[in-house]
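As provided, target_20.cif (mmCIF, C-alpha atoms) reads as follows.
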data_model
loop_
_atom_site.label_atom_id
_atom_site.label_comp_id
_atom_site.auth_asym_id
_atom_site.auth_seq_id
_atom_site.Cartn_x
_atom_site.Cartn_y
_atom_site.Cartn_z
CA MET A 23 79.60 78.08 127.97
CA ALA A 24 79.82 81.67 129.18
CA GLY A 25 82.83 80.69 131.26
CA VAL A 26 84.61 79.21 128.24
CA ALA A 27 83.88 82.33 126.17
CA ALA A 28 85.21 84.53 128.95
CA ALA A 29 88.33 82.41 129.17
CA GLY A 30 88.81 82.80 125.41
CA ALA A 31 88.45 86.56 125.69
CA GLU A 32 90.97 86.62 128.53
CA THR A 33 93.42 84.60 126.42
CA MET A 34 93.11 87.01 123.51
CA ASN A 35 93.47 90.01 125.80
CA ALA A 36 96.90 88.61 126.70
CA ILE A 37 98.01 89.45 123.13
CA TYR A 38 99.41 92.92 123.66
CA ASP A 39 99.17 94.75 120.36
CA THR A 40 100.87 98.13 120.07
CA VAL A 41 100.27 101.08 117.73
CA GLY A 42 102.71 103.88 116.97
CA ILE A 43 103.93 106.43 114.44
CA GLY A 44 106.90 106.72 112.13
CA TRP A 45 109.35 109.38 113.39
CA ARG A 46 109.76 112.37 111.10
CA PRO A 47 111.43 115.68 112.09
CA GLU A 48 108.21 117.53 111.23
CA LEU A 49 106.31 115.34 113.72
CA ALA A 50 108.93 115.38 116.50
CA ALA A 51 107.28 118.00 118.72
CA GLY A 52 103.88 116.36 118.44
CA ILE A 53 105.25 112.90 119.18
CA LEU A 54 107.14 114.13 122.24
CA ASP A 55 104.11 116.07 123.49
CA HIS A 56 101.82 113.06 123.09
CA HIS A 57 104.14 110.11 123.67
CA ALA A 58 101.78 108.77 126.36
CA ARG A 59 99.26 108.09 123.56
CA ILE A 60 101.85 106.37 121.32
CA ASP A 61 103.06 102.84 122.04
CA LEU A 62 106.18 102.88 119.87
CA VAL A 63 108.04 104.99 117.31
CA GLU A 64 109.62 103.65 114.13
CA VAL A 65 112.81 105.42 113.06
CA ILE A 66 114.40 105.42 109.61
CA ALA A 67 117.83 104.13 110.57
CA ASP A 68 119.60 105.77 107.61
CA ASP A 69 118.93 109.23 109.13
CA PHE A 70 121.18 108.40 112.10
CA PHE A 71 124.18 106.72 110.47
CA GLY A 72 127.33 108.74 111.15
CA GLU A 73 125.43 111.23 113.32
CA PRO A 74 126.57 110.76 116.96
CA ARG A 75 124.49 113.71 118.22
CA ARG A 76 121.36 112.31 116.61
CA VAL A 77 122.10 108.88 118.06
CA ARG A 78 122.34 110.42 121.54
CA ALA A 79 118.97 112.11 120.98
CA LEU A 80 117.56 108.80 119.80
CA LYS A 81 118.76 107.12 123.01
CA THR A 82 116.92 109.83 124.98
CA LEU A 83 113.76 109.18 122.96
CA SER A 84 114.09 105.42 123.51
CA ALA A 85 113.93 106.01 127.27
CA GLN A 86 110.45 107.50 126.77
CA VAL A 87 108.93 105.26 124.10
CA PRO A 88 110.03 101.94 122.54
CA ILE A 89 111.90 102.27 119.23
CA ALA A 90 111.85 100.16 116.07
CA LEU A 91 114.45 100.63 113.31
CA HIS A 92 113.57 100.57 109.62
CA GLY A 93 115.99 100.97 106.74
CA VAL A 94 118.87 99.36 104.91
CA ILE A 95 121.58 97.01 106.15
CA GLU A 96 124.66 99.23 105.81
CA ARG A 97 125.88 100.33 109.25
CA MET A 98 122.73 98.95 110.89
CA ALA A 99 124.67 96.76 113.35
CA HIS A 100 126.18 99.68 115.26
CA LEU A 101 122.82 101.43 115.62
CA VAL A 102 121.08 98.24 116.75
CA GLU A 103 123.78 97.74 119.37
CA SER A 104 123.47 101.36 120.56
CA ILE A 105 119.67 101.58 120.71
CA SER A 106 118.55 97.99 121.43
CA PRO A 107 115.35 98.44 119.38
CA LEU A 108 112.25 96.28 119.57
CA PHE A 109 113.11 95.06 116.06
CA TRP A 110 114.72 96.18 112.83
CA SER A 111 113.29 95.73 109.37
CA GLU A 112 114.20 95.78 105.70
CA HIS A 113 112.41 95.60 102.35
CA LEU A 114 111.83 92.68 100.01
CA ALA A 115 113.20 94.73 97.13
CA PHE A 116 116.33 95.65 95.23
CA VAL A 117 117.88 99.04 94.49
CA ARG A 118 120.82 98.13 92.24
CA ALA A 119 121.93 95.61 89.63
CA ASP A 120 125.30 95.19 87.92
CA GLY A 121 126.56 98.18 89.92
CA ILE A 122 123.79 100.47 88.64
CA GLU A 123 121.73 102.31 91.28
CA ILE A 124 118.09 102.79 90.25
CA GLY A 125 117.24 105.23 93.04
CA HIS A 126 114.16 103.55 94.46
CA LEU A 127 112.86 100.26 95.84
CA ALA A 128 111.89 97.88 93.04
CA ALA A 129 110.32 94.44 93.05
CA PRO A 130 112.67 91.75 91.69
CA PRO A 131 111.41 88.92 89.51
CA ARG A 132 109.49 86.52 91.74
CA SER A 133 111.35 83.27 91.13
CA ASP A 134 113.11 80.48 92.99
CA ALA A 135 116.42 82.15 92.11
CA THR A 136 115.47 85.39 93.90
CA VAL A 137 114.10 83.36 96.83
CA ASP A 138 117.52 81.72 97.20
CA GLY A 139 119.31 85.05 96.77
CA ALA A 140 117.14 86.77 99.37
CA ALA A 141 117.65 83.94 101.87
CA GLU A 142 121.43 84.12 101.38
CA ASN A 143 121.46 87.91 101.82
CA LEU A 144 119.28 87.70 104.91
CA LEU A 145 121.58 85.13 106.48
CA ARG A 146 124.54 87.45 105.86
CA ALA A 147 122.63 90.47 107.25
CA SER A 148 121.55 88.56 110.34
CA ARG A 149 125.14 87.55 111.07
CA ILE A 150 126.36 91.15 110.69
CA VAL A 151 123.64 92.79 112.79
CA GLY A 152 123.27 89.94 115.28
CA VAL A 153 119.50 89.60 114.95
CA LYS A 154 117.20 88.74 112.05
CA PRO A 155 115.19 91.53 110.45
CA PHE A 156 111.48 91.64 109.82
CA MET A 157 110.97 91.77 106.04
CA GLU A 158 108.51 94.16 104.40
CA ASN A 159 106.45 93.58 101.26
CA ILE A 160 106.55 96.51 98.83
CA ALA A 161 104.06 98.14 96.46
CA THR A 162 104.62 97.95 92.72
CA LEU A 163 102.77 99.60 89.86
CA ILE A 164 103.66 96.76 87.47
CA GLU A 165 104.14 93.04 87.92
CA PRO A 166 107.88 92.26 87.96
CA PRO A 167 108.92 90.87 84.55
CA GLY A 168 110.26 87.32 84.55
CA SER A 169 108.20 86.19 87.54
CA ALA A 170 107.27 82.53 87.93
CA LEU A 171 105.66 82.87 91.39
CA ASP A 172 102.76 84.96 92.65
CA GLU A 173 103.58 87.50 95.36
CA ALA A 174 102.09 85.53 98.27
CA SER A 175 104.01 82.35 97.34
CA TRP A 176 107.24 84.27 96.78
CA ILE A 177 107.05 86.04 100.15
CA SER A 178 106.11 82.81 101.94
CA LYS A 179 109.09 80.96 100.43
CA ILE A 180 111.53 83.70 101.44
CA LEU A 181 110.25 83.79 105.02
CA SER A 182 110.50 80.01 105.26
CA ALA A 183 113.98 79.81 103.70
CA SER A 184 115.39 82.65 105.84
CA ASP A 185 113.41 81.96 109.03
CA CYS A 186 112.60 85.68 109.15
CA ASP A 187 109.30 87.24 110.18
CA LEU A 188 107.15 89.70 108.26
CA LEU A 189 106.56 93.41 108.51
CA LEU A 190 103.26 93.43 106.63
CA ASP A 191 102.60 96.72 104.84
CA LEU A 192 98.82 96.74 104.45
CA HIS A 193 98.63 99.75 102.17
CA ASN A 194 101.04 97.93 99.86
CA VAL A 195 98.74 94.89 99.95
CA PHE A 196 95.75 97.14 99.18
CA ALA A 197 97.61 98.92 96.36
CA ASN A 198 98.93 95.73 94.75
CA GLY A 199 95.51 94.10 94.98
CA LEU A 200 93.89 96.99 93.11
CA ASN A 201 96.78 97.43 90.68
CA HIS A 202 97.06 93.75 89.77
CA GLY A 203 93.51 92.47 90.19
CA TYR A 204 93.50 90.27 93.28
CA ASP A 205 91.58 90.27 96.55
CA PRO A 206 93.79 91.73 99.33
CA LYS A 207 91.99 89.73 102.02
CA GLU A 208 92.61 86.52 100.11
CA PHE A 209 96.29 87.53 99.90
CA LEU A 210 96.36 87.74 103.71
CA ARG A 211 94.99 84.21 103.93
CA GLN A 212 97.73 82.95 101.59
CA ILE A 213 100.72 84.21 103.59
CA PRO A 214 101.81 82.56 106.86
CA ALA A 215 99.92 84.38 109.64
CA GLY A 216 102.39 83.04 112.18
CA ARG A 217 105.15 85.12 110.53
CA ILE A 218 103.32 88.47 110.84
CA ARG A 219 104.96 90.46 113.64
CA ALA A 220 104.66 94.11 112.62
CA ILE A 221 102.37 96.11 110.33
CA HIS A 222 102.62 99.36 108.40
CA ILE A 223 99.54 101.42 107.56
CA ALA A 224 99.59 104.45 105.28
CA GLY A 225 97.69 106.25 102.54
CA GLY A 226 98.25 106.90 98.85
CA LYS A 227 96.42 108.27 95.84
CA LEU A 228 94.91 107.13 92.56
CA ILE A 229 96.85 107.91 89.40
CA SER A 230 96.10 107.21 85.74
CA ALA A 231 98.15 104.55 83.95
CA PRO A 232 99.13 104.98 80.26
CA ASP A 233 96.33 102.56 79.28
CA GLY A 234 93.74 104.74 81.02
CA THR A 235 93.23 102.47 84.04
CA GLN A 236 93.54 103.68 87.62
CA ARG A 237 96.44 102.62 89.83
CA VAL A 238 97.18 103.26 93.50
CA LEU A 239 100.44 105.10 94.17
CA ASP A 240 101.85 104.39 97.64
CA ASP A 241 103.08 107.90 98.48
CA HIS A 242 102.49 108.11 102.27
CA LEU A 243 101.07 111.62 101.78
CA HIS A 244 97.43 110.88 102.50
CA ASP A 245 95.18 109.57 105.27
CA VAL A 246 94.86 105.82 105.75
CA PRO A 247 91.83 104.69 103.67
CA ASP A 248 89.06 102.59 105.21
CA PRO A 249 90.02 99.43 103.22
CA VAL A 250 93.43 99.43 104.94
CA PHE A 251 91.80 99.53 108.38
CA ASP A 252 89.60 96.63 107.19
CA LEU A 253 92.77 94.72 106.27
CA LEU A 254 94.22 95.50 109.71
CA GLU A 255 91.12 93.96 111.30
CA GLU A 256 91.56 90.92 109.06
CA ALA A 257 95.23 90.54 109.99
CA ALA A 258 94.36 90.72 113.69
CA ALA A 259 91.72 88.03 113.19
CA LEU A 260 94.26 85.75 111.49
CA SER A 261 97.35 86.23 113.68
CA LEU A 262 97.99 85.01 117.21
CA ASN A 263 101.14 87.11 117.53
CA PRO A 264 101.26 90.46 119.30
CA LEU A 265 101.34 93.01 116.48
CA SER A 266 103.28 96.28 116.37
CA VAL A 267 101.41 98.66 114.06
CA ILE A 268 103.14 101.77 112.67
CA LEU A 269 101.35 104.68 111.00
CA GLU A 270 103.56 106.06 108.21
CA ARG A 271 103.30 109.66 106.99
CA ASP A 272 106.04 111.25 104.87
CA GLY A 273 104.60 114.68 104.01
CA SER A 274 101.48 116.86 103.68
CA TYR A 275 101.28 116.48 107.44
CA PRO A 276 97.90 117.00 109.09
CA SER A 277 97.51 118.07 112.72
CA MET A 278 98.90 115.78 115.40
CA GLU A 279 95.33 115.21 116.61
CA SER A 280 94.42 113.89 113.15
CA LEU A 281 97.34 111.45 113.24
CA LEU A 282 96.43 110.35 116.77
CA ALA A 283 92.87 109.79 115.56
CA GLU A 284 94.27 107.37 112.96
CA VAL A 285 96.27 105.66 115.72
CA SER A 286 92.98 105.27 117.60
CA GLN A 287 91.28 103.85 114.49
CA ALA A 288 94.09 101.31 114.22
CA ARG A 289 93.57 100.23 117.83
CA GLN A 290 89.84 99.83 117.16
CA ALA A 291 90.51 97.72 114.04
CA LEU A 292 92.88 95.50 116.03
CA ALA A 293 90.25 95.07 118.75
CA ARG A 294 87.58 94.10 116.19
CA GLY A 295 89.92 91.52 114.68
CA ARG A 296 90.85 90.05 118.06
CA THR A 297 87.15 89.80 118.96
CA ARG A 298 86.46 87.89 115.74
CA ARG A 299 89.22 85.43 116.61
CA VAL A 300 87.70 84.88 120.06
CA GLU A 301 84.29 84.30 118.49
CA ARG A 302 85.76 81.59 116.26
CA VAL A 303 86.90 79.57 119.30
CA GLU A 304 84.86 76.39 119.29
CA VAL A 305 82.88 75.84 122.46
CA PRO A 306 82.46 72.14 123.37
CA GLY A 307 78.84 71.04 123.19
#
Translate the structure of the given file into structure tokens.
Amino acid sequence: MAGVAAAGAETMNAIYDTVGIGWRPELAAGILDHHARIDLVEVIADDFFGEPRRVRALKTLSAQVPIALHGVIERMAHLVESISPLFWSEHLAFVRADGIEIGHLAAPPRSDATVDGAAENLLRASRIVGVKPFMENIATLIEPPGSALDEASWISKILSASDCDLLLDLHNVFANGLNHGYDPKEFLRQIPAGRIRAIHIAGGKLISAPDGTQRVLDDHLHDVPDPVFDLLEEAAALSLNPLSVILERDGSYPSMESLLAEVSQARQALARGRTRRVERVEVPG
């Protein structure tokens, strides 16, 4: 029995999870000074479009630490070809309708029509870039009007129809669960674990809604809360895939040591989740 358990642990240890940080100019010096403690860096692709000097600098960075690209489709193909990233990702969201730009990521109505539209757009994007993106769930303060599907079903249908994998933003799961009254861990059990390939972790803050209730705003300006690390453990317990975890921080930057401490917490959460999966392996009687 001990031999079987050891074999299970060895199998799970073969799943090489990685944890990194989102690249921001304010964090550049700290990332370069501590790149040995960072497994990968996620870059906002939009910051490099039309900037040959920045692209050259990004190539230099990619020789030191693996790069992932996150952003929008326009001009992504050239950057993917130049950098050869681990993956590139996009959002399950819209930013314009009838030619009107709304200026931020918004959740479309969750319906079969938007499932079909997303699958068609993802096929077109994959042909242009040459590789399929990982798709990211977004946070929303209100439920999208006109929805016929819950979020988990909608995401699952899009991933199936497009054959794309998921960049699972766990703070968005936490925020939506609190904002819309569902259990975030149950949400994780409702989406296809086999599609989870990358994970975002971040922090936000509580704000007051017009009706006096509290909502979570996903602002990336705060430390990762403990419930998000709990969700990371849960995701690691559910998924057999190697997971690339990115810590996102967009302002109010703490010290680099504080960010690296969060990277360490993420590694610990992954390890706890992997251990739970090993413990669930049935040992023949």
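Computed from the coordinates, the CA of Ser182 (chain A) to CA of Leu265 (chain A) distance equals 19.5 Å.
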Practice item. Could you jot down the CA of Glu256 (chain A) to CA of Ala291 (chain A) separation for me, Å, one decimal place? Key: 8.5 Å
Point to revise | Distance query Ile66 (chain A) at most 12 Å, only C-alpha atoms, self and fewer than 6 positions along chain excluded, as number ranges by chain | key: A: 43-47, 77, 80, 89-95, 98, 101, 110-112, 270, 272
Once the PyMOL selection byres ((chain A and resi 41) around 6) is applied to the coordinates I shared, what remains selected? I want it as a short mmCIF file (atom, residue, chain, number, x, y, z; two decimals) with C-alpha atoms, in the frame of the given file.
data_model
loop_
_atom_site.label_atom_id
_atom_site.label_comp_id
_atom_site.auth_asym_id
_atom_site.auth_seq_id
_atom_site.Cartn_x
_atom_site.Cartn_y
_atom_site.Cartn_z
CA THR A 40 100.87 98.13 120.07
CA GLY A 42 102.71 103.88 116.97
CA ASP A 61 103.06 102.84 122.04
CA SER A 266 103.28 96.28 116.37
CA VAL A 267 101.41 98.66 114.06
CA ILE A 268 103.14 101.77 112.67
#
Exercise for review: May I ask which of the residues A:Gln236, A:Ser277, A:Asn263, A:Ser106 is the closest one to Arg296 (chain A), counting all atoms listed in the file?
Suggested key: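 Looking at the shortest contact to Arg296 (chain A), the residue is A:Asn263.
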Exercise for review: Please write as a ChimeraX atom specification the full residue list that the PyMOL selection byres ((chain A and resi 87) around 12) yields on this file.
Suggested key: /A:40-43,45,53-65,80-86,88-90,105,107-108
Point to revise | Interatomic distance (Å, one decimal) between CA of Met278 (chain A) and CA of Leu192 (chain A) | key: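 According to the coordinates, CA of Met278 (chain A) and CA of Leu192 (chain A) are separated by 22.0 Å.
Considering the residues A:Thr297, A:Ser184, A:Ser280, A:Asn194 and counting all atoms listed in the file, Pro249 (chain A) has its shortest atom-to-atom contact with A:Asn194.
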**Study point:** Among listed residues A:Leu145, A:Ala170, A:Ala67, A:Leu188, nearest Leu114 (chain A) (using all atoms listed in the file)
**Key:**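 Selected residue with least distance to Leu114 (chain A): A:Leu188.
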Practice item. Show which residues sit within 8 Å of region 212-221 of chain A, as JSON, numbers by chain. Count all atoms listed in the file, and ignore same-chain residues fewer than 3 positions away. Key: {"A": [156, 174, 175, 177, 178, 181, 186, 187, 188, 189, 190, 191, 192, 208, 209, 257, 260, 261, 262, 263, 264, 265, 266, 267, 268]}
Check your understanding: At most 10 Å from (109.3, 86.3, 98.6), file frame, only C-alpha atoms: which residues, as a PyMOL selection string?
Key -> chain A and resi 114-115+129-134+136-138+140-141+157-159+171-183
Point to revise | Leu292 (chain A) environment, 8 Å, all atoms listed in the file, sequence neighbours closer than 3 positions dropped, as a ChimeraX atom specification | key: /A:39,254-255,258,288-289,295-296
Write out N, CA, C and O atoms for region 266-280 of chain A, as a short mmCIF file (atom, residue, chain, number, x, y, z; two decimals), in the coordinates of the input.
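To be explicit, this is the file written out as part16.cif:
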data_model
loop_
_atom_site.label_atom_id
_atom_site.label_comp_id
_atom_site.auth_asym_id
_atom_site.auth_seq_id
_atom_site.Cartn_x
_atom_site.Cartn_y
_atom_site.Cartn_z
N SER A 266 102.84 94.89 116.24
CA SER A 266 103.28 96.28 116.37
C SER A 266 102.88 97.01 115.10
O SER A 266 103.39 96.70 114.02
N VAL A 267 101.96 97.96 115.22
CA VAL A 267 101.41 98.66 114.06
C VAL A 267 101.99 100.07 114.01
O VAL A 267 101.95 100.80 115.00
N ILE A 268 102.52 100.46 112.85
CA ILE A 268 103.14 101.77 112.67
C ILE A 268 102.37 102.55 111.61
O ILE A 268 102.17 102.07 110.49
N LEU A 269 101.94 103.76 111.96
CA LEU A 269 101.35 104.68 111.00
C LEU A 269 102.47 105.46 110.32
O LEU A 269 103.28 106.11 110.98
N GLU A 270 102.54 105.37 108.98
CA GLU A 270 103.56 106.06 108.21
C GLU A 270 102.98 107.32 107.55
O GLU A 270 101.92 107.26 106.92
N ARG A 271 103.69 108.42 107.68
CA ARG A 271 103.30 109.66 106.99
C ARG A 271 104.58 110.39 106.63
O ARG A 271 105.40 110.68 107.50
N ASP A 272 104.77 110.69 105.34
CA ASP A 272 106.04 111.25 104.87
C ASP A 272 105.92 112.68 104.36
O ASP A 272 106.89 113.23 103.83
N GLY A 273 104.77 113.31 104.49
CA GLY A 273 104.60 114.68 104.01
C GLY A 273 103.14 115.07 104.03
O GLY A 273 102.27 114.27 104.39
N SER A 274 102.85 116.33 103.62
CA SER A 274 101.48 116.86 103.68
C SER A 274 100.88 116.55 105.05
O SER A 274 99.77 116.03 105.16
N TYR A 275 101.65 116.91 106.08
CA TYR A 275 101.28 116.48 107.44
C TYR A 275 100.02 117.18 107.93
O TYR A 275 99.92 118.41 107.86
N PRO A 276 99.06 116.41 108.44
CA PRO A 276 97.90 117.00 109.09
C PRO A 276 98.25 117.37 110.53
O PRO A 276 99.41 117.26 110.94
N SER A 277 97.26 117.78 111.31
CA SER A 277 97.51 118.07 112.72
C SER A 277 97.86 116.79 113.46
O SER A 277 97.53 115.67 113.03
N MET A 278 98.55 116.94 114.59
CA MET A 278 98.90 115.78 115.40
C MET A 278 97.64 115.07 115.89
O MET A 278 97.61 113.84 115.97
N GLU A 279 96.58 115.83 116.17
CA GLU A 279 95.33 115.21 116.61
C GLU A 279 94.75 114.32 115.51
O GLU A 279 94.18 113.27 115.81
N SER A 280 94.90 114.73 114.26
CA SER A 280 94.42 113.89 113.15
C SER A 280 95.21 112.58 113.07
O SER A 280 94.63 111.51 112.85
#
